Amino acid sequence: MINESRRIAELLLQKPDDAAWSQAIKLDNILQKNNPATAIRQARLIRSRLELLDGEGIELCCQ
């Protein structure tokens with residue numbers, strides 16, 4: 001899930017609130033998944049892993 005991780009990392013760098021997070025995952029479909037439940041599940045998984053990193057670590061994921 002390299003591409004998905006990069007998209008989530010870019011989103012995390014913007015420090016989204018809950019509404020912005022939900023819009024990006026569900027409405028904007030940044031992960032490009034057909035099923036919203038799949039997008040939500042994958043986004044939650046990737047976010048929980050990336051949040052263990054500091055800002056510089058997250059920036060490295062975007063490259």
# chains A, B, ... in the order shown; residues from 1 in each chain; ligands from 1

$ select_by_dssp --residues "chain A" --states "helix (DSSP H, G or I)" --output "PyMOL selection string"
chain A and resi 2-13+18-27+36-50+55-62

$ residues_around --residues "Ala24 of chain A" --least-positions-apart "2" --cutoff "12 Å" --atoms "only C-alpha atoms" --output "PyMOL selection string"
chain A and resi 7-8+10-12+14+16-22+26-32+36+39-40+43

$ atom_distance --atom1 "atom CA of Ile2 of chain A" --atom2 "atom CA of Gln63 of chain A"
10.8 Å

$ closest_residue --among "A:Lys15, A:Gln23, A:Ala9, A:Lys33" --to "Arg49 of chain A" --atoms "only C-alpha atoms"
A:Ala9

$ residues_around --residues "Cys61 of chain A" --least-positions-apart "4" --cutoff "8 Å" --atoms "only C-alpha atoms" --output "PyMOL selection string"
chain A and resi 5-6+9+57
